[in-house]
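Below is the file final.cif, which contains mmCIF, C-alpha atoms.
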data_protein
#
loop_
_atom_site.label_atom_id
_atom_site.label_comp_id
_atom_site.auth_asym_id
_atom_site.auth_seq_id
_atom_site.Cartn_x
_atom_site.Cartn_y
_atom_site.Cartn_z
CA MET D 1 16.44 5.81 -8.26
CA THR D 2 16.98 6.73 -11.88
CA THR D 3 13.60 7.61 -13.37
CA ALA D 4 11.39 9.06 -10.64
CA HIS D 5 12.43 12.62 -11.45
CA ARG D 6 11.00 12.21 -14.96
CA TRP D 7 7.60 11.07 -13.77
CA ARG D 8 4.69 13.47 -13.65
CA THR D 9 3.33 14.57 -10.28
CA GLY D 10 0.23 16.42 -9.15
CA THR D 11 -2.72 16.40 -6.80
CA VAL D 12 -6.39 15.48 -7.12
CA PRO D 13 -9.28 16.59 -4.91
CA VAL D 14 -10.92 14.15 -2.55
CA THR D 15 -13.52 14.76 0.14
CA ASP D 16 -12.12 17.27 2.66
CA GLY D 17 -8.70 17.32 1.07
CA HIS D 18 -6.45 16.17 -1.75
CA LEU D 19 -4.19 13.26 -2.66
CA ALA D 20 -0.80 13.65 -4.29
CA TRP D 21 0.18 11.33 -7.12
CA HIS D 22 3.20 10.32 -9.18
CA ARG D 23 2.64 8.85 -12.67
CA THR D 24 4.95 7.04 -15.06
CA GLY D 25 2.73 7.60 -18.13
CA GLY D 26 2.77 5.47 -21.26
CA ASN D 27 0.18 3.63 -23.29
CA GLY D 28 -0.22 0.57 -21.10
CA PRO D 29 -3.18 -0.19 -18.83
CA ALA D 30 -3.47 2.03 -15.76
CA LEU D 31 -2.13 0.51 -12.55
CA VAL D 32 -2.92 2.31 -9.27
CA LEU D 33 -0.64 1.63 -6.28
CA SER D 34 -1.57 2.16 -2.63
CA HIS D 35 1.35 2.16 -0.16
CA GLY D 36 1.66 0.97 3.42
CA LEU D 37 1.50 2.87 6.68
CA THR D 38 4.20 5.60 7.11
CA ASP D 39 5.39 5.10 3.50
CA ASN D 40 4.60 7.35 0.54
CA GLY D 41 3.79 6.75 -3.11
CA LEU D 42 7.41 6.82 -4.22
CA CYS D 43 8.12 3.84 -1.97
CA TRP D 44 6.86 1.91 -5.04
CA THR D 45 9.66 3.36 -7.21
CA ARG D 46 11.71 0.20 -7.73
CA PHE D 47 8.59 -1.81 -8.59
CA ALA D 48 7.29 0.95 -10.88
CA GLU D 49 10.60 1.12 -12.73
CA ALA D 50 10.37 -2.63 -13.39
CA LEU D 51 6.87 -2.42 -14.89
CA ALA D 52 6.85 1.09 -16.40
CA ASP D 53 7.17 -0.22 -19.98
CA GLU D 54 4.04 -2.33 -19.56
CA PHE D 55 1.70 -0.17 -17.46
CA ASP D 56 0.77 3.46 -16.86
CA ILE D 57 1.52 3.43 -13.14
CA VAL D 58 -0.08 5.85 -10.69
CA MET D 59 1.44 5.92 -7.20
CA LEU D 60 -0.83 7.65 -4.69
CA ASP D 61 0.24 9.31 -1.46
CA ALA D 62 -2.43 8.21 1.01
CA ARG D 63 -4.12 10.83 3.12
CA GLY D 64 -1.85 11.86 5.98
CA HIS D 65 1.19 10.67 4.03
CA GLY D 66 3.62 12.18 1.54
CA ALA D 67 2.35 15.40 0.00
CA SER D 68 -1.33 14.58 0.52
CA SER D 69 -3.68 16.38 2.92
CA ARG D 70 -3.17 15.96 6.63
CA MET D 71 -5.88 14.13 8.51
CA PRO D 72 -9.01 16.26 9.03
CA GLN D 73 -10.64 16.95 12.36
CA GLY D 74 -13.74 14.93 13.15
CA ASP D 75 -14.81 11.77 11.34
CA ALA D 76 -12.02 9.62 9.94
CA PRO D 77 -11.84 9.57 6.14
CA ASP D 78 -12.66 6.37 4.26
CA PRO D 79 -9.44 5.07 2.63
CA GLY D 80 -11.39 3.11 0.03
CA GLN D 81 -13.38 6.19 -0.92
CA ASP D 82 -10.15 8.18 -1.27
CA ILE D 83 -8.90 5.66 -3.84
CA ALA D 84 -12.21 5.78 -5.73
CA GLU D 85 -12.26 9.58 -5.82
CA ALA D 86 -8.64 9.73 -6.99
CA ILE D 87 -9.38 7.25 -9.78
CA ASP D 88 -12.35 9.36 -10.88
CA ALA D 89 -10.36 12.61 -10.76
CA LEU D 90 -7.62 11.06 -12.91
CA ASP D 91 -10.22 9.76 -15.42
CA LEU D 92 -9.00 6.18 -15.09
CA VAL D 93 -11.32 3.52 -16.49
CA ALA D 94 -11.14 0.04 -14.92
CA PRO D 95 -7.56 0.35 -13.68
CA LEU D 96 -5.67 -2.46 -12.03
CA VAL D 97 -5.38 -1.65 -8.32
CA MET D 98 -2.89 -3.00 -5.84
CA GLY D 99 -1.71 -2.16 -2.37
CA HIS D 100 0.70 -3.13 0.37
CA SER D 101 -0.16 -3.61 4.05
CA VAL D 102 -2.67 -0.94 5.13
CA GLY D 103 -2.71 0.16 1.50
CA ALA D 104 -3.81 -3.34 0.55
CA ARG D 105 -6.55 -3.16 3.14
CA ALA D 106 -7.64 0.14 1.57
CA ALA D 107 -7.59 -1.43 -1.90
CA ALA D 108 -9.85 -4.22 -0.63
CA ALA D 109 -12.23 -1.70 0.92
CA PHE D 110 -12.31 0.18 -2.40
CA ALA D 111 -13.01 -2.97 -4.40
CA ALA D 112 -15.79 -4.01 -2.02
CA ALA D 113 -17.54 -0.63 -2.02
CA TYR D 114 -17.14 0.08 -5.75
CA PRO D 115 -17.73 -3.16 -7.68
CA GLY D 116 -16.85 -3.05 -11.34
CA ARG D 117 -14.46 -0.14 -10.95
CA ALA D 118 -11.22 -2.16 -11.13
CA ALA D 119 -10.02 -4.77 -13.60
CA CYS D 120 -8.31 -6.71 -10.82
CA ILE D 121 -6.93 -6.31 -7.31
CA VAL D 122 -3.54 -7.29 -5.84
CA LEU D 123 -3.14 -7.34 -2.06
CA GLU D 124 0.38 -7.57 -0.59
CA ASP D 125 0.20 -8.87 2.99
CA PRO D 126 -2.76 -6.80 4.29
CA PRO D 127 -3.27 -6.66 8.07
CA LEU D 128 -6.29 -8.93 8.46
CA LEU D 129 -7.00 -7.88 12.04
CA PRO D 130 -10.22 -8.00 14.07
CA SER D 131 -12.10 -4.73 14.06
CA ALA D 132 -11.02 -2.52 16.96
CA ASN D 133 -13.52 -1.97 19.75
CA PRO D 134 -14.04 1.54 21.18
CA THR D 135 -11.30 0.94 23.77
CA GLU D 136 -8.71 -0.54 21.42
CA MET D 137 -8.75 2.13 18.71
CA PRO D 138 -7.54 4.96 21.00
CA GLU D 139 -4.79 2.66 22.26
CA ARG D 140 -3.73 1.82 18.69
CA ARG D 141 -3.69 5.53 17.82
CA ALA D 142 -1.59 6.36 20.89
CA ARG D 143 0.97 3.67 19.99
CA PHE D 144 1.12 4.96 16.43
CA ARG D 145 1.67 8.55 17.57
CA GLN D 146 4.55 7.35 19.76
CA GLN D 147 6.08 5.46 16.85
CA VAL D 148 5.86 8.52 14.57
CA ALA D 149 7.22 10.84 17.26
CA LYS D 150 10.24 8.58 17.79
CA LEU D 151 11.08 8.53 14.09
CA GLN D 152 10.45 12.23 13.56
CA SER D 153 12.79 13.10 16.43
CA MET D 154 15.60 11.55 14.37
CA SER D 155 17.57 13.07 11.49
CA ALA D 156 17.20 11.68 7.97
CA GLN D 157 20.59 10.01 8.35
CA GLU D 158 19.54 8.40 11.62
CA ILE D 159 16.27 7.12 10.12
CA ASP D 160 18.20 5.72 7.17
CA ALA D 161 20.68 3.96 9.44
CA TYR D 162 17.84 2.57 11.54
CA GLY D 163 16.08 1.23 8.44
CA ARG D 164 19.20 -0.39 7.09
CA GLU D 165 19.90 -2.02 10.44
CA GLN D 166 16.35 -3.38 10.67
CA SER D 167 16.18 -4.49 7.02
CA PRO D 168 19.71 -5.30 5.83
CA ASP D 169 18.45 -7.37 2.88
CA TRP D 170 16.53 -4.51 1.21
CA HIS D 171 17.94 -3.04 -1.98
CA THR D 172 19.64 0.27 -1.34
CA ASP D 173 17.16 2.05 -3.66
CA GLU D 174 14.34 1.35 -1.18
CA PHE D 175 15.58 3.66 1.55
CA HIS D 176 15.39 7.18 0.13
CA ALA D 177 11.60 7.26 -0.21
CA TRP D 178 11.18 5.13 2.93
CA VAL D 179 13.05 7.73 4.99
CA LYS D 180 11.12 10.60 3.40
CA GLY D 181 7.84 8.86 4.20
CA LYS D 182 8.72 8.67 7.88
CA GLN D 183 9.46 12.40 7.91
CA GLN D 184 6.21 13.29 6.14
CA VAL D 185 3.63 11.11 7.88
CA ASP D 186 0.93 12.73 10.00
CA PRO D 187 0.86 11.35 13.57
CA GLU D 188 -2.92 11.04 13.16
CA ALA D 189 -2.66 9.03 9.90
CA LEU D 190 -3.61 5.61 11.29
CA PRO D 191 -6.63 4.70 9.12
CA GLU D 192 -9.89 3.35 10.46
CA PHE D 193 -11.96 0.90 8.43
CA MET D 194 -15.69 0.93 9.02
CA THR D 195 -16.23 -2.66 7.88
CA SER D 196 -14.46 -5.89 8.83
CA TRP D 197 -11.94 -7.35 6.45
CA GLN D 198 -14.17 -10.41 6.08
CA GLN D 199 -17.07 -8.25 4.94
CA ASP D 200 -14.90 -6.43 2.43
CA PHE D 201 -13.23 -9.55 1.06
CA ALA D 202 -16.57 -11.30 0.61
CA ALA D 203 -17.89 -8.36 -1.44
CA ILE D 204 -15.03 -8.13 -3.96
CA THR D 205 -16.17 -8.97 -7.48
CA ALA D 206 -12.86 -8.42 -9.30
CA PRO D 207 -10.21 -11.13 -9.70
CA THR D 208 -7.97 -10.76 -6.66
CA LEU D 209 -4.46 -11.97 -5.85
CA LEU D 210 -3.59 -12.15 -2.15
CA ILE D 211 0.19 -12.28 -1.75
CA CYS D 212 1.53 -13.72 1.49
CA GLY D 213 5.00 -13.90 2.96
CA GLU D 214 6.36 -16.26 5.58
CA VAL D 215 4.93 -15.75 9.06
CA GLU D 216 8.30 -16.65 10.57
CA ARG D 217 9.80 -13.67 8.75
CA GLY D 218 7.07 -11.24 9.82
CA GLY D 219 4.29 -11.94 7.32
CA MET D 220 0.87 -10.94 8.66
CA VAL D 221 -1.34 -13.22 6.54
CA THR D 222 -1.12 -16.66 8.12
CA PRO D 223 -2.05 -19.82 6.19
CA ALA D 224 -5.29 -19.93 8.19
CA LEU D 225 -6.18 -16.36 7.24
CA ALA D 226 -5.33 -17.03 3.59
CA ALA D 227 -7.60 -20.08 3.62
CA GLU D 228 -10.37 -18.03 5.23
CA ALA D 229 -10.02 -15.36 2.55
CA GLU D 230 -10.30 -17.91 -0.24
CA ALA D 231 -13.30 -19.54 1.44
CA LEU D 232 -15.06 -16.18 1.65
CA ASN D 233 -14.80 -15.44 -2.05
CA PRO D 234 -14.02 -17.58 -5.13
CA ASN D 235 -12.55 -14.48 -6.84
CA ILE D 236 -9.61 -14.56 -4.42
CA ARG D 237 -6.56 -16.75 -4.87
CA THR D 238 -3.43 -16.66 -2.77
CA VAL D 239 0.24 -17.09 -3.49
CA GLN D 240 3.02 -17.32 -0.95
CA ILE D 241 6.40 -15.77 -1.73
CA ASP D 242 9.22 -17.57 0.04
CA ARG D 243 12.15 -15.78 1.70
CA ALA D 244 9.99 -12.74 2.47
CA GLY D 245 7.96 -11.43 5.40
CA HIS D 246 5.65 -8.41 5.53
CA ASN D 247 7.54 -6.26 3.00
CA ILE D 248 7.36 -8.94 0.34
CA ARG D 249 8.44 -6.91 -2.70
CA ARG D 250 11.38 -5.48 -0.76
CA GLU D 251 12.56 -8.86 0.54
CA ASN D 252 12.13 -11.10 -2.53
CA PHE D 253 11.77 -8.64 -5.38
CA ALA D 254 12.36 -11.08 -8.25
CA ASP D 255 9.73 -13.65 -7.24
CA TYR D 256 7.27 -10.91 -6.28
CA VAL D 257 7.54 -9.16 -9.66
CA THR D 258 7.20 -12.47 -11.50
CA ALA D 259 3.98 -13.37 -9.67
CA VAL D 260 2.45 -9.90 -9.90
CA ARG D 261 3.35 -9.33 -13.55
CA ALA D 262 1.75 -12.63 -14.57
CA PHE D 263 -1.46 -11.84 -12.70
CA LEU D 264 -1.72 -8.26 -13.95
CA CYS D 265 -1.06 -9.21 -17.57
CA ALA D 266 -3.73 -11.90 -17.37
CA HIS D 267 -6.35 -9.41 -16.22
CA ALA D 268 -5.38 -6.14 -17.92
CA GLU D 269 -8.09 -4.75 -20.18
#
Kindly return the structure encoded in the file as structure tokens.
Amino acid sequence: MTTAHRWRTGTVPVTDGHLAWHRTGGNGPALVLSHGLTDNGLCWTRFAEALADEFDIVMLDARGHGASSRMPQGDAPDPGQDIAEAIDALDLVAPLVMGHSVGARAAAAFAAAYPGRAACIVLEDPPLLPSANPTEMPERRARFRQQVAKLQSMSAQEIDAYGREQSPDWHTDEFHAWVKGKQQVDPEALPEFMTSWQQDFAAITAPTLLICGEVERGGMVTPALAAEAEALNPNIRTVQIDRAGHNIRRENFADYVTAVRAFLCAHAE
């Protein structure tokens, strides 16, 4: 990772807390990135380095991740609202917004709740799951706590070795921030979305690119779900990246960057 240390960092206030950010700067259009569960903003470093000459890239640490606020007691925060409040605090006007996994789900929730606030949306393999019933959500939270506890009982070297064993095809630059994210994540950080993904996707008014991997490699967006998303909203189009699963940009970086760059450049204001 050659440039991250030169990027600006800071925090912005959001309801009941703050979000940390990392920013490449430059004169290009603003591009806001929302990472996946247990990652942090700098997990976008390799992608940001590839596009830093074209965009002013802002990598957010989601609440409960990285250097952002821990999860508050009581009502769960709204991940889409957190993105909106961070965009306001940074004085960004019609940024491009993209996310991976749970971060993509948050980006969709943001776009649905705040129409007109983004030039376009990119969603990398969001978990398009049925809404959890009152029994399921506590079970999901318990499983997540166990997952976090297992990782946080390990040393950084052990987490790194585990990641490389599980994902031998990732570029070596991916692992430093990935390991740090596992050490930083709050065991209570599993987000809760108040609306179904179908409701959010139907409400998006911005041009939206839904990026899918191969289900056989671990991709979460099946062809049936992709077709359902497109049927819900004519603003959504999908593209499948071959030789990649859930972590699409980490598994087929070249094809991912090509597809994303073309879409972002077509919709940058």
**OP:** Return as JSON, numbers by chain the set of residues that the PyMOL selection byres ((chain D and resi 218) around 10) yields on the displayed structure.
**Re:** {"D": [125, 213, 214, 215, 216, 217, 219, 220, 221, 222, 244, 245, 246, 247, 248]}
**OP:** Could you tell me which residues the PyMOL selection byres ((chain D and resi 108-124) around 8) grabs in this file, written as number ranges by chain?
**Re:** D: 79-81, 83-84, 93-101, 104-107, 125-126, 193, 197, 200-212, 248, 260, 264, 267-269
Subject >> Resolved residues for the PyMOL selection byres ((chain D and resi 17-34) around 7) as a PyMOL selection string >> reply: chain D and resi 7-16+35-36+52+54-63+67-69+92+95-100+103-104+268-269
Subject >> Point-to-point distance from atom CA of Asp78 of chain D to atom CA of Ala177 of chain D, Å rounded to tenths >> reply: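 Interatomic distance, atom CA of Asp78 of chain D to atom CA of Ala177 of chain D: 24.7 Å.
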Original post:
atom CA of Val185 of chain D to atom CA of His65 of chain D: how many Å, to one decimal?
Top reply: 4.6 Å
**OP:** Calculate how many Å separate atom CA of Gly64 of chain D from atom CA of Asp186 of chain D, rounding to one decimal.
**Re:** 5.0 Å
Subject >> Nearest to Gln147 of chain D by atom-to-atom distance, counting all atoms listed in the file, from D:Pro187, D:Pro130, D:Gly163, D:Gly181 >> reply: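 Looking only at the distances to Gln147 of chain D, the closest residue turns out to be D:Pro187.
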Original post:
Looking at all atoms listed in the file, which of D:His171, D:Arg164, D:Arg70, D:Arg145 is the one that sits closest to Asn252 of chain D?
Top reply: D:His171
Subject >> Nearest to Pro168 of chain D, chosen from D:Glu136, D:Arg250, D:Gln184, D:Ala149, with all atoms listed in the file counted in the distances >> reply: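 Checking each of D:Glu136, D:Arg250, D:Gln184, D:Ala149 against Pro168 of chain D, counting all atoms listed in the file, the winner is D:Arg250.
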Subject >> From D:Glu139, D:Ala266, D:Ala76, D:Tyr256, residue lying nearest Ala50 of chain D [only C-alpha atoms] >> reply: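 Counting only C-alpha atoms, the residue closest to Ala50 of chain D is D:Tyr256.
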